[in-house]
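**Q** Dumping the structure here so I can ask a few things about it.
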Amino acid sequence: MLVVGDVVTDVVARHGSTLAHGTDTKARIRTLPGGAGANVACWAVRSGCPEVRLLARAGAESADWHREALAAAGVRAHLAVDDEVPTATVIALVDAAAERTFLTDGGAVLRLAVEDFTPTLLDGVGRLHLSGYLLFAAVSRAAALLALRTALERAIPVSVDPASAGFLGELGPKRFLEFAEGAELLLPNADEARLLTGLPEPGAAAAELSRWFPRVVVTLGARGAVVAAGGEVMGRVPAPPVPEPVDSTGAGDAFTGGFLAALLAGADEMTAAAEGCRAGAAAVATVGGRPPAR
């Protein structure tokens with residue numbers, strides 16, 4: 001599998017009390033490697049995918065650190081190094097309920113260029129997965145769409161993660177759907193599915209989106225996921241309980257990595273969704289968006 005996406009430096013700040021405006025709030029803070037695309041790649045490897053490649057762009061100041069972290073996770077990283085703009089940075093504010101709010105500086109992510117992509121990256125792969133973050137800026141969007149077109153020309157299935165309800169709202173649902181045309185699998189969360197369809201109920205939104213894309217899986221956080229195809233809901237998969245949730249950062253990425261790994265191993269959509277839910281539950285039980293080190 002090839003993931004075309006993002007690497008991000010995550011600053012995860014877990015605060016047990018309400019943020020005190022204008023003064024100090026105690027927090028436990030860690031700086032960790034992250035990024036939706038990179039997280040998906042790492043969880044796919046953890047979930048049994050034998051070979052996962054990642055194309056992304058990082059700033060020169062931390063490219064080596066990110067490359068080493070990805071290698072340690074078993075991902076074959078192809079990182080374009082940006083000498084002008086630093087690696088993307090996300091400050092994740094995580095409250096007592098493990099819910100996260102992001103402050104995002106796109107940095108080098110949005111400068112992934114068509115020159116960074118080479119068709120040989122698709123040699124021998126069974127799937128291309130695109131992080132939707134790349135679709136929110138013109139330069140990175142051109143690179144993502146080149147990868148998508150090249151995969152379609154080779155009859156390689158493509159999946160897309162819309163990535164951010166906030167940025168999706170700025171771009172506009174119609175434009176996003178046009179950019180993602182040709183993908184055979186869409187993996188939004190409930191908020192993104194609502195934005196893309198205008199339908200409040202996730203199942204109805206999933207069914208509607210499956211008129212645009214052959215397969216759609218909408219993640220519902222602690223409530224699991226709903227799978228749709230051909231304009232109809234195929235079923236719902238519950239999420240395993242997490243007795244002590246720590247941080248929901250990257251839980252959706254974990255689901256995607258687990259789901260795609262299972263699909264590539266031959267599982268059907270419902271079985272793959274169950275695997276994705278297991279990976280998502282494991283992510284909520286650890287700090288940051290990557291699998292815990294073994």
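Chain labels follow the order of the structure tokens: the first chain is A, the next B, and so on; residue numbering restarts at 1 in every chain, and ligands are counted from 1 in their shown order.
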Show me, as a tab-separated table, the residues of range 193-249 of chain A having an atom within 6 Å of range 280-291 of chain A, each with the closest atom pair and its distance in Å, using only C-alpha atoms.

**A**
residue	atom	partner	partner_atom	distance
A:Pro245	CA	A:Ala285	CA	5.0
A:Val246	CA	A:Ala285	CA	5.2
A:Asp247	CA	A:Val284	CA	5.1
A:Ser248	CA	A:Val284	CA	4.7
A:Thr249	CA	A:Gly289	CA	5.2

**Q** Excluding same-chain residues fewer than 4 positions from Ala165 in chain A, what lies within 9 Å of it counting only C-alpha atoms, as a list in words?

**A**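 Counting only C-alpha atoms, the residues come to Gly169, Glu170, Asn189, Asp191, Glu192, Ala193 and Leu195 of chain A.
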
**Q** So, with only C-alpha atoms as the atoms that count, which of A:Val40, A:Leu54, A:Leu220, A:Val90 lies closest to Leu103 in chain A?

**A** A:Val90

**Q** From the DSSP assignment of the backbone, select every residue of range 58-243 of chain A that is helix (DSSP H, G or I), and format the answer as JSON, numbers by chain.

**A** {"A": [63, 64, 65, 66, 67, 68, 69, 70, 71, 72, 107, 108, 109, 110, 111, 114, 115, 116, 119, 120, 121, 122, 132, 133, 134, 135, 136, 138, 139, 140, 141, 142, 143, 144, 145, 146, 147, 148, 149, 150, 151, 152, 153, 165, 166, 167, 168, 169, 170, 171, 173, 174, 175, 176, 177, 178, 179, 190, 191, 192, 193, 194, 195, 196, 197, 202, 203, 204, 205, 206, 207, 208, 209, 221, 222, 223]}

**Q** From the list A:Pro86, A:Pro162, A:Gly231, A:Gly5, which residue is nearest Ala207 in chain A when using only C-alpha atoms?

**A**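 Residue with the minimum atom-to-atom distance to Ala207 in chain A: A:Gly231.
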
**Q** Using only C-alpha atoms, which residue out of A:Ala38, A:Leu130, A:Ala163, A:Ala137 lies closest to Arg149 in chain A?

**A**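 Under the stated criterion, the closest residue is A:Leu130.
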